[in-house]
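S.K.: Coordinates in structure-v9.txt, compact mmCIF, C-alpha atoms, are listed below.
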```
# COMPACT_ATOMS: atom_id res chain seq x y z
CA MET A 1 44.51 185.63 29.37
CA ASN A 2 42.39 182.74 30.61
CA CYS A 3 42.70 180.95 33.91
CA ILE A 4 41.21 178.21 36.03
CA ILE A 5 40.76 178.12 39.79
CA ILE A 6 41.43 174.98 41.82
CA ASP A 7 40.45 175.16 45.48
CA ASP A 8 38.43 172.78 47.62
CA GLU A 9 37.03 175.69 49.63
CA ALA A 10 34.02 177.46 48.08
CA THR A 11 34.83 180.67 50.00
CA ALA A 12 38.26 180.81 48.38
CA ARG A 13 36.83 180.20 44.90
CA VAL A 14 34.29 183.00 45.32
CA ILE A 15 37.03 185.41 46.43
CA LEU A 16 39.36 184.47 43.57
CA ASN A 17 36.55 184.81 41.07
CA LYS A 18 35.78 188.26 42.41
CA ILE A 19 39.43 189.35 42.24
CA CYS A 20 39.81 187.99 38.69
CA SER A 21 36.64 189.79 37.59
CA GLU A 22 38.39 193.09 38.32
CA PHE A 23 40.71 192.53 35.34
CA ASP A 24 39.39 192.99 31.81
CA ASP A 25 42.17 190.86 30.33
CA LEU A 26 41.67 187.91 32.68
CA THR A 27 38.87 185.37 32.26
CA VAL A 28 38.09 182.52 34.61
CA VAL A 29 37.11 179.73 32.23
CA ALA A 30 36.53 177.01 34.83
CA GLU A 31 36.79 176.31 38.54
CA PHE A 32 37.33 173.03 40.34
CA GLU A 33 37.01 171.86 43.91
CA ASN A 34 39.48 169.05 43.38
CA ALA A 35 42.65 168.57 41.37
CA VAL A 36 41.55 165.39 39.59
CA GLU A 37 38.75 167.14 37.72
CA ALA A 38 41.15 169.94 36.81
CA ILE A 39 43.65 167.45 35.37
CA LYS A 40 40.92 166.01 33.11
CA TYR A 41 40.08 169.54 31.99
CA LEU A 42 43.69 170.40 31.24
CA TYR A 43 44.05 167.33 29.04
CA LYS A 44 41.49 168.90 26.72
CA HIS A 45 42.01 172.63 27.19
CA GLN A 46 44.94 174.98 27.22
CA VAL A 47 45.03 177.72 29.83
CA ASP A 48 47.44 180.57 30.51
CA LEU A 49 47.19 180.46 34.27
CA VAL A 50 46.14 178.18 37.10
CA LEU A 51 45.26 179.61 40.50
CA LEU A 52 46.05 176.59 42.62
CA ASP A 53 45.44 175.88 46.28
CA ILE A 54 48.21 173.76 47.75
CA HIS A 55 46.30 172.38 50.67
CA MET A 56 43.63 170.05 49.36
CA PRO A 57 42.52 166.64 50.65
CA ASP A 58 43.53 163.52 48.67
CA PHE A 59 45.55 165.38 46.05
CA THR A 60 47.73 168.36 47.01
CA GLY A 61 48.64 171.23 44.71
CA PHE A 62 52.20 169.95 44.37
CA GLU A 63 50.97 166.46 43.43
CA PHE A 64 48.74 168.10 40.85
CA ILE A 65 51.72 169.88 39.27
CA LYS A 66 53.72 166.65 39.13
CA THR A 67 51.01 164.96 37.05
CA LEU A 68 51.21 167.58 34.29
CA LYS A 69 53.71 167.13 31.45
CA ASN A 70 53.69 170.79 30.47
CA PRO A 71 52.20 172.67 33.39
CA PRO A 72 50.91 176.15 32.60
CA ASN A 73 51.83 179.18 34.67
CA ILE A 74 50.73 178.64 38.23
CA ILE A 75 50.03 181.02 41.08
CA LEU A 76 49.87 179.09 44.32
CA THR A 77 47.42 180.10 47.00
CA SER A 78 47.65 178.93 50.58
CA SER A 79 46.87 179.93 54.15
CA ASP A 80 50.27 178.59 55.02
CA LYS A 81 53.52 180.48 54.36
CA ASN A 82 55.58 177.35 54.97
CA PHE A 83 55.21 175.93 51.46
CA ALA A 84 56.93 178.89 49.82
CA ILE A 85 60.35 177.21 49.80
CA GLU A 86 59.02 174.07 48.12
CA ALA A 87 57.31 176.27 45.55
CA TYR A 88 60.71 177.48 44.30
CA GLU A 89 61.46 173.97 43.07
CA TYR A 90 58.87 174.25 40.31
CA ASP A 91 59.62 176.41 37.26
CA CYS A 92 55.93 176.74 36.43
CA ILE A 93 55.14 178.41 39.76
CA VAL A 94 55.17 182.12 39.09
CA ASP A 95 54.12 183.37 42.50
CA TYR A 96 52.84 182.36 45.90
CA LEU A 97 49.93 184.17 47.50
CA VAL A 98 49.07 183.83 51.16
CA LYS A 99 45.36 183.85 51.98
CA PRO A 100 43.43 186.00 52.51
CA ILE A 101 44.55 187.34 49.16
CA LEU A 102 44.94 191.08 48.86
CA VAL A 103 44.24 192.71 45.51
CA PRO A 104 47.53 194.72 45.28
CA ARG A 105 49.50 191.51 45.86
CA PHE A 106 47.40 189.71 43.25
CA ILE A 107 48.12 192.48 40.72
CA LYS A 108 51.84 191.97 41.28
CA ALA A 109 51.55 188.21 40.72
CA LEU A 110 49.43 188.71 37.63
CA GLN A 111 51.98 191.12 36.20
CA LYS A 112 54.65 188.43 36.55
CA VAL A 113 52.46 186.03 34.54
CA LYS A 114 51.87 188.68 31.87
CA ASN A 115 55.62 189.27 31.61
CA ILE A 116 56.26 185.56 31.15
CA LEU A 117 53.54 185.24 28.51
CA LYS A 118 54.90 188.27 26.67
CA GLN A 119 58.43 186.85 26.79
CA ASN A 120 57.19 183.48 25.48
CA THR A 121 55.36 185.17 22.60
CA GLU A 122 58.44 187.18 21.65
CA THR A 123 60.64 184.08 21.80
CA SER A 124 58.24 182.13 19.64
CA ILE A 125 58.11 184.95 17.05
CA GLN A 126 61.92 185.09 17.02
CA ASP A 127 62.12 181.31 16.66
CA HIS A 128 59.63 181.42 13.81
CA GLU A 129 61.62 184.16 12.07
CA ALA A 130 64.87 182.26 12.59
CA ASN A 131 63.27 179.12 11.17
CA GLN A 132 62.05 181.07 8.18
CA LEU A 133 65.59 182.30 7.50
CA GLU A 134 66.99 178.81 7.90
CA ASN A 135 64.54 177.58 5.31
CA GLU A 136 65.59 180.12 2.71
CA LEU A 137 68.33 179.81 0.13
CA TYR A 138 69.29 182.50 -2.40
CA ILE A 139 70.69 181.37 -5.72
CA ASN A 140 72.41 183.58 -8.26
CA ILE A 141 70.94 183.26 -11.74
CA ASP A 142 71.75 185.84 -14.40
CA ARG A 143 72.83 188.34 -11.75
CA ARG A 144 69.52 187.94 -9.96
CA LEU A 145 69.23 186.49 -6.49
CA ILE A 146 66.28 184.16 -6.39
CA LYS A 147 64.89 182.98 -3.08
CA ILE A 148 64.07 179.30 -2.78
CA ASP A 149 62.35 177.52 0.06
CA ILE A 150 64.88 174.82 0.92
CA ARG A 151 62.11 172.41 1.91
CA SER A 152 60.73 172.51 -1.65
CA ILE A 153 63.99 171.18 -3.15
CA TYR A 154 63.72 167.47 -3.86
CA LEU A 155 66.88 166.89 -5.85
CA VAL A 156 70.24 168.48 -6.61
CA GLU A 157 72.19 167.04 -9.51
CA ALA A 158 75.78 167.87 -10.45
CA LYS A 159 76.39 168.60 -14.13
CA GLY A 160 79.98 169.69 -14.77
CA ASP A 161 80.50 173.19 -13.40
CA TYR A 162 76.76 173.54 -12.76
CA ILE A 163 74.14 172.04 -10.53
CA HIS A 164 70.54 171.33 -11.42
CA LEU A 165 68.43 172.33 -8.52
CA LYS A 166 64.96 170.81 -8.73
CA THR A 167 62.03 172.04 -6.68
CA GLU A 168 58.36 171.14 -6.67
CA ASN A 169 57.57 174.04 -8.99
CA THR A 170 60.71 175.01 -10.90
CA ASN A 171 64.11 173.71 -11.89
CA TYR A 172 67.17 175.94 -11.76
CA ILE A 173 70.62 175.64 -13.27
CA VAL A 174 73.17 177.31 -11.05
CA HIS A 175 76.91 177.78 -11.44
CA SER A 176 78.05 175.99 -8.32
CA SER A 177 79.20 172.63 -7.02
CA LEU A 178 77.50 169.84 -5.14
CA LYS A 179 79.91 170.35 -2.25
CA LYS A 180 79.05 174.05 -1.95
CA ILE A 181 75.32 173.51 -1.93
CA LYS A 182 75.56 170.55 0.44
CA ASP A 183 77.03 172.89 3.04
CA LYS A 184 73.98 175.15 2.69
CA LEU A 185 71.40 172.39 3.06
CA PRO A 186 70.32 170.98 6.43
CA ASP A 187 71.65 167.48 7.11
CA SER A 188 68.35 166.61 8.71
CA LEU A 189 66.63 166.83 5.31
CA PHE A 190 69.26 166.16 2.68
CA LEU A 191 71.63 163.31 1.93
CA LYS A 192 74.26 162.91 -0.77
CA VAL A 193 73.39 159.47 -2.16
CA HIS A 194 75.76 159.49 -5.08
CA ARG A 195 78.74 161.59 -6.26
CA SER A 196 76.30 163.46 -8.53
CA TYR A 197 73.12 163.60 -6.43
CA ILE A 198 71.79 165.08 -3.24
CA ILE A 199 68.24 164.11 -2.37
CA ASN A 200 65.64 165.41 0.01
CA ILE A 201 64.88 162.40 2.19
CA LYS A 202 61.35 163.61 2.91
CA LYS A 203 60.53 163.45 -0.80
CA ILE A 204 61.45 159.82 -1.32
CA ILE A 205 58.66 157.77 -2.87
CA ASP A 206 60.32 154.38 -2.83
CA ILE A 207 63.67 152.68 -2.65
CA GLU A 208 64.97 149.72 -4.57
CA ASP A 209 68.30 148.01 -4.12
CA ASN A 210 70.52 150.62 -5.70
CA SER A 211 68.15 153.39 -6.54
CA VAL A 212 65.60 155.71 -5.06
CA GLN A 213 62.54 157.27 -6.66
CA ILE A 214 62.03 160.96 -6.01
CA ASN A 215 59.18 162.65 -7.80
CA LYS A 216 59.28 160.86 -11.15
CA GLU A 217 63.03 160.44 -11.21
CA ILE A 218 65.02 157.34 -10.43
CA ILE A 219 68.29 158.29 -8.71
CA PRO A 220 71.19 155.87 -8.22
CA ILE A 221 72.45 155.26 -4.69
CA SER A 222 76.13 154.52 -4.17
CA ARG A 223 76.96 151.52 -2.02
CA SER A 224 78.59 153.70 0.61
CA SER A 225 75.55 155.98 0.92
CA ARG A 226 72.98 153.23 1.13
CA ALA A 227 73.74 152.31 4.74
CA GLU A 228 73.44 155.91 5.86
CA LEU A 229 70.19 156.33 3.97
CA MET A 230 68.74 153.22 5.58
CA ASP A 231 69.82 154.54 9.00
CA ARG A 232 67.97 157.77 8.41
CA LEU A 233 64.71 156.11 7.43
CA ASN A 234 61.96 155.16 9.81
CA LEU A 235 61.94 151.48 9.00
CA LEU A 236 59.35 149.06 10.27
CA MET B 237 38.99 192.42 73.12
CA GLU B 238 39.45 192.00 69.37
CA THR B 239 36.40 190.78 67.49
CA PRO B 240 35.84 189.59 63.93
CA ASN B 241 34.90 192.28 61.45
CA LEU B 242 34.16 192.81 57.76
CA SER B 243 37.06 195.10 56.91
CA TYR B 244 38.64 192.60 54.45
CA ILE B 245 35.31 191.75 52.84
CA ASP B 246 34.36 195.43 52.57
CA LYS B 247 37.69 196.24 50.94
CA LEU B 248 37.31 193.37 48.48
CA SER B 249 33.67 194.20 47.75
CA ASN B 250 34.52 197.80 46.99
CA GLY B 251 30.83 198.72 47.01
CA ASP B 252 29.70 195.50 45.28
CA ASP B 253 26.88 194.57 47.67
CA LEU B 254 25.92 191.48 45.70
CA PHE B 255 29.39 190.06 46.14
CA LYS B 256 29.42 190.99 49.83
CA LYS B 257 26.13 189.17 50.35
CA LYS B 258 27.36 186.16 48.38
CA ILE B 259 30.64 185.73 50.26
CA ILE B 260 28.94 186.05 53.64
CA GLU B 261 26.39 183.43 52.59
CA VAL B 262 29.13 181.05 51.47
CA ILE B 263 31.04 181.50 54.74
CA LYS B 264 27.85 180.93 56.73
CA PHE B 265 27.24 177.78 54.73
CA GLU B 266 30.77 176.34 54.89
CA PHE B 267 31.84 177.27 58.41
CA PRO B 268 29.37 175.12 60.43
CA SER B 269 30.22 171.94 58.53
CA GLU B 270 33.95 172.59 58.85
CA LYS B 271 33.50 173.21 62.58
CA ASP B 272 31.47 169.99 62.94
CA LEU B 273 34.11 168.01 61.11
CA TYR B 274 36.80 169.47 63.38
CA HIS B 275 34.83 168.49 66.52
CA LYS B 276 34.23 165.02 65.15
CA ASN B 277 37.94 164.49 64.51
CA ILE B 278 38.88 165.90 67.94
CA ASN B 279 36.42 163.51 69.59
CA LEU B 280 37.88 160.62 67.61
CA LYS B 281 41.38 161.84 68.55
CA GLN B 282 42.17 162.11 64.84
CA TYR B 283 44.36 165.10 65.49
CA LYS B 284 46.04 165.27 62.10
CA ASN B 285 42.64 165.36 60.40
CA ALA B 286 41.52 167.98 62.91
CA ALA B 287 44.58 170.05 61.94
CA GLU B 288 43.45 169.82 58.30
CA ASN B 289 40.02 171.07 59.34
CA ILE B 290 41.57 174.01 61.17
CA HIS B 291 43.53 174.87 58.04
CA LYS B 292 40.28 175.62 56.21
CA ILE B 293 38.65 177.30 59.20
CA LYS B 294 41.76 179.46 59.54
CA HIS B 295 41.12 181.01 56.13
CA LYS B 296 37.66 182.07 57.21
CA ILE B 297 39.04 183.48 60.45
CA SER B 298 41.45 185.58 58.40
CA ILE B 299 38.70 186.70 55.99
CA LEU B 300 36.80 187.93 59.03
CA SER B 301 39.95 189.86 60.03
CA PHE B 302 40.12 188.12 63.40
CA ASP B 303 43.89 188.31 63.74
CA LYS B 304 44.24 186.99 67.28
CA GLY B 305 41.93 184.10 66.44
CA TYR B 306 44.03 183.36 63.35
CA GLU B 307 47.26 183.27 65.38
CA LEU B 308 45.75 180.91 67.89
CA ALA B 309 44.31 178.70 65.13
CA SER B 310 47.76 178.45 63.50
CA LYS B 311 49.37 177.41 66.78
CA HIS B 312 46.63 174.91 67.51
CA GLU B 313 46.92 173.50 63.98
CA ASN B 314 50.67 172.98 64.40
CA ASN B 315 50.23 171.49 67.86
CA LEU B 316 47.62 169.03 66.65
CA LYS B 317 50.02 167.83 63.96
CA GLU B 318 52.20 166.75 66.91
CA ASN B 319 49.19 165.32 68.76
CA LYS B 320 49.23 168.20 71.30
CA THR B 321 45.79 169.40 72.36
CA ASN B 322 46.73 172.06 74.89
CA LEU B 323 45.07 174.90 72.92
CA GLU B 324 41.81 173.07 72.37
CA GLN B 325 39.78 175.12 74.87
CA GLU B 326 41.16 178.45 73.69
CA PHE B 327 40.41 177.53 70.09
CA GLU B 328 36.91 176.57 71.14
CA GLU B 329 36.44 180.18 72.24
CA VAL B 330 37.57 181.38 68.80
CA LEU B 331 35.01 179.07 67.17
CA LYS B 332 32.29 180.37 69.47
CA THR B 333 33.22 183.96 68.68
CA ILE B 334 33.05 183.30 64.93
CA THR B 335 29.81 181.34 65.26
CA PHE B 336 28.20 184.19 67.20
CA TYR B 337 29.55 186.82 64.80
CA LEU B 338 28.06 184.96 61.82
CA THR B 339 24.62 185.25 63.42
CA LEU B 340 25.05 189.03 63.51
CA ILE B 341 25.91 189.61 59.87
```
Step by step, read the file and then write its structure as structure tokens.
M.R.:
Amino acid sequence: MNCIIIDDEATARVILNKICSEFDDLTVVAEFENAVEAIKYLYKHQVDLVLLDIHMPDFTGFEFIKTLKNPPNIILTSSDKNFAIEAYEYDCIVDYLVKPILVPRFIKALQKVKNILKQNTETSIQDHEANQLENELYINIDRRLIKIDIRSIYLVEAKGDYIHLKTENTNYIVHSSLKKIKDKLPDSLFLKVHRSYIINIKKIIDIEDNSVQINKEIIPISRSSRAELMDRLNLL
Amino acid sequence: METPNLSYIDKLSNGDDLFKKKIIEVIKFEFPSEKDLYHKNINLKQYKNAAENIHKIKHKISILSFDKGYELASKHENNLKENKTNLEQEFEEVLKTITFYLTLI
């Protein structure tokens, strides 16, 4: 875990540095005596934790937080207990330490940050796994279930009782209907442009009046679908 | 009478003499200028600024485990925010105590 220290008082910075040095998994990557310099740093670097003094001239700790779009985890430090209530208004503030900071209290605050970071990592892994599942489609061909990455499909064409499912690498013929597969494909990516065709909007190369080019294929667009297609495009 | 001491610094140092030396040096360096700034603002009757100065001094008082001095500094800080200077003389004694103590360590 990396952190920065923001405190206008050198004594406080030396103490915080010393306390942080006691933890193998915590590295102080920078320290600042004013919030403005820290803001510039945070525009370029990502940190897990900010140890932030509230009481600074010109730019208070709370003003500092308000300038950040995505503030990292923050442990406030202050000689004044009276700011604790205001601290609760900020989601990014994990804890509030009253100076002089005692190591056992710091350990407790640090543990809270570790818990949040762990929770965030788990959530992001779960989200990634969920996204992976959402991007997968199994099709039944000759009693085999073949996994396809939905994002690789550029065109689905209806042919009688079958659909032709075309991906960047392979084409499949599946016993199914356009309606059935449409329900399995995300609306954000796919659009039915004709009674026989579903296209992947991201794969469009160009559009003419009544047709769209996808890969090397020219696909007709029905009059009723054209308006919706135009709505979905990022037009200049 | 309670006096400043190094119990907090000793605890934090935990045998790290280099750190102990460093923190004492930094306090010795910062404290006089903070004290001067406080006096300047008191003389100019800039009491809110003087309260800000006390806020920083207060941290050093607490690092030197001078609890009574810290209490008085907090009261004086709050009073100054309301332009009340009634604890000025008592706080002066706290500053003198700290100043003297810093010459001993």
S.K.: Give as a PDB file with C-alpha atoms, in the coordinates of the input every residue of chain A that touches chain B within 8 Å, counting all atoms listed in the file.
M.R.:
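Full text of part_14.pdb as output:
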```
ATOM      1  CA  GLU A   9      37.030 175.690  49.630  1.00  0.00           C
ATOM      2  CA  ALA A  10      34.020 177.460  48.080  1.00  0.00           C
ATOM      3  CA  THR A  11      34.830 180.670  50.000  1.00  0.00           C
ATOM      4  CA  VAL A  14      34.290 183.000  45.320  1.00  0.00           C
ATOM      5  CA  ILE A  15      37.030 185.410  46.430  1.00  0.00           C
ATOM      6  CA  LYS A  18      35.780 188.260  42.410  1.00  0.00           C
ATOM      7  CA  ILE A  19      39.430 189.350  42.240  1.00  0.00           C
ATOM      8  CA  SER A  79      46.870 179.930  54.150  1.00  0.00           C
ATOM      9  CA  LYS A  99      45.360 183.850  51.980  1.00  0.00           C
ATOM     10  CA  PRO A 100      43.430 186.000  52.510  1.00  0.00           C
ATOM     11  CA  LEU A 102      44.940 191.080  48.860  1.00  0.00           C
ATOM     12  CA  VAL A 103      44.240 192.710  45.510  1.00  0.00           C
TER      13      VAL A 103
END
```
S.K.: For segment 285-289 of chain B, what centre and edge lengths in Å (one decimal) does the axis-aligned box get once 3 Å is added on each side of all its listed atoms, as AutoDock Vina command-line options?
M.R.:
```
--center_x 42.3 --center_y 168.2 --center_z 60.6 --size_x 10.6 --size_y 11.7 --size_z 10.6
```
S.K.: By how many Å are atom CA of Lys182 of chain A and atom CA of Asp209 of chain A apart?
M.R.: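 Computing the Euclidean distance for atom CA of Lys182 of chain A and atom CA of Asp209 of chain A yields 24.1 Å.
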S.K.: When you draw a straight line from atom CA of Asn319 of chain B to atom CA of Tyr283 of chain B, how long is it in Å?
M.R.: 5.8 Å
S.K.: Find the residues around segment 142-148 of chain A up to 12 Å (only C-alpha atoms counted), leave out those fewer than 2 positions away in its own chain, and share them as a list in words.
M.R.: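 Answer for this query is Gln132, Leu133, Glu134, Asn135, Glu136, Leu137, Tyr138, Ile139, Asn140, Ile150, Arg151, Ser152, Ile153, Tyr154, Leu165, Lys166, Thr167, Glu168, Asn169, Thr170, Asn171, Tyr172, Ile173, Val174, His175 and Leu185 of chain A.
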S.K.: If you count only C-alpha atoms, which residues fall within 8 Å of segment 24-34 of chain A, apart from same-chain ones fewer than 4 positions away, as a VMD selection string?
M.R.: chain A and resid 1 to 10 13 17 20 38 56 59
S.K.: I need the residue nearest Phe302 of chain B from this list: B:Asp246, B:Glu318, B:Glu329, B:Glu238. Use all atoms listed in the file for the distance.
M.R.: B:Glu238
S.K.: Show me as an MDAnalysis selection string the residues that reach within 12 Å of (54.2, 171.9, 34.6), counting all atoms listed in the file and using the file's own coordinates.
M.R.: chainID A and resid 39 42 47:50 61:75 89:94
S.K.: For a test of reading the model, state the distance in Å between atom CA of Ala286 of chain B and atom CA of Leu338 of chain B, rounded to one decimal.
M.R.: 21.7 Å
S.K.: Starting from the sparse input, extend segment 79-90 of chain A to N, CA and C atoms and give the output as a PDB file, keeping the file's coordinate frame.
M.R.:
```
ATOM      1  N   SER A  79      46.936 179.211  52.870  1.00  0.00           N
ATOM      2  CA  SER A  79      46.870 179.930  54.150  1.00  0.00           C
ATOM      3  C   SER A  79      48.173 179.747  54.907  1.00  0.00           C
ATOM      4  N   ASP A  80      49.046 178.952  54.332  1.00  0.00           N
ATOM      5  CA  ASP A  80      50.270 178.590  55.020  1.00  0.00           C
ATOM      6  C   ASP A  80      51.496 179.139  54.297  1.00  0.00           C
ATOM      7  N   LYS A  81      52.318 179.916  54.999  1.00  0.00           N
ATOM      8  CA  LYS A  81      53.520 180.480  54.360  1.00  0.00           C
ATOM      9  C   LYS A  81      54.617 179.426  54.181  1.00  0.00           C
ATOM     10  N   ASN A  82      54.476 178.307  54.904  1.00  0.00           N
ATOM     11  CA  ASN A  82      55.580 177.350  54.970  1.00  0.00           C
ATOM     12  C   ASN A  82      55.878 176.604  53.672  1.00  0.00           C
ATOM     13  N   PHE A  83      54.969 176.666  52.710  1.00  0.00           N
ATOM     14  CA  PHE A  83      55.210 175.930  51.460  1.00  0.00           C
ATOM     15  C   PHE A  83      56.012 176.746  50.443  1.00  0.00           C
ATOM     16  N   ALA A  84      56.276 177.997  50.785  1.00  0.00           N
ATOM     17  CA  ALA A  84      56.930 178.890  49.820  1.00  0.00           C
ATOM     18  C   ALA A  84      58.247 178.326  49.304  1.00  0.00           C
ATOM     19  N   ILE A  85      59.027 177.719  50.201  1.00  0.00           N
ATOM     20  CA  ILE A  85      60.350 177.210  49.800  1.00  0.00           C
ATOM     21  C   ILE A  85      60.186 176.080  48.786  1.00  0.00           C
ATOM     22  N   GLU A  86      59.255 175.182  49.053  1.00  0.00           N
ATOM     23  CA  GLU A  86      59.020 174.070  48.120  1.00  0.00           C
ATOM     24  C   GLU A  86      58.563 174.589  46.754  1.00  0.00           C
ATOM     25  N   ALA A  87      57.834 175.702  46.794  1.00  0.00           N
ATOM     26  CA  ALA A  87      57.310 176.270  45.550  1.00  0.00           C
ATOM     27  C   ALA A  87      58.441 176.662  44.593  1.00  0.00           C
ATOM     28  N   TYR A  88      59.576 177.065  45.133  1.00  0.00           N
ATOM     29  CA  TYR A  88      60.710 177.480  44.300  1.00  0.00           C
ATOM     30  C   TYR A  88      61.272 176.338  43.449  1.00  0.00           C
ATOM     31  N   GLU A  89      60.914 175.114  43.818  1.00  0.00           N
ATOM     32  CA  GLU A  89      61.460 173.970  43.070  1.00  0.00           C
ATOM     33  C   GLU A  89      60.749 173.762  41.734  1.00  0.00           C
ATOM     34  N   TYR A  90      59.649 174.452  41.539  1.00  0.00           N
ATOM     35  CA  TYR A  90      58.870 174.250  40.310  1.00  0.00           C
ATOM     36  C   TYR A  90      58.975 175.486  39.408  1.00  0.00           C
TER      37      TYR A  90
END
```
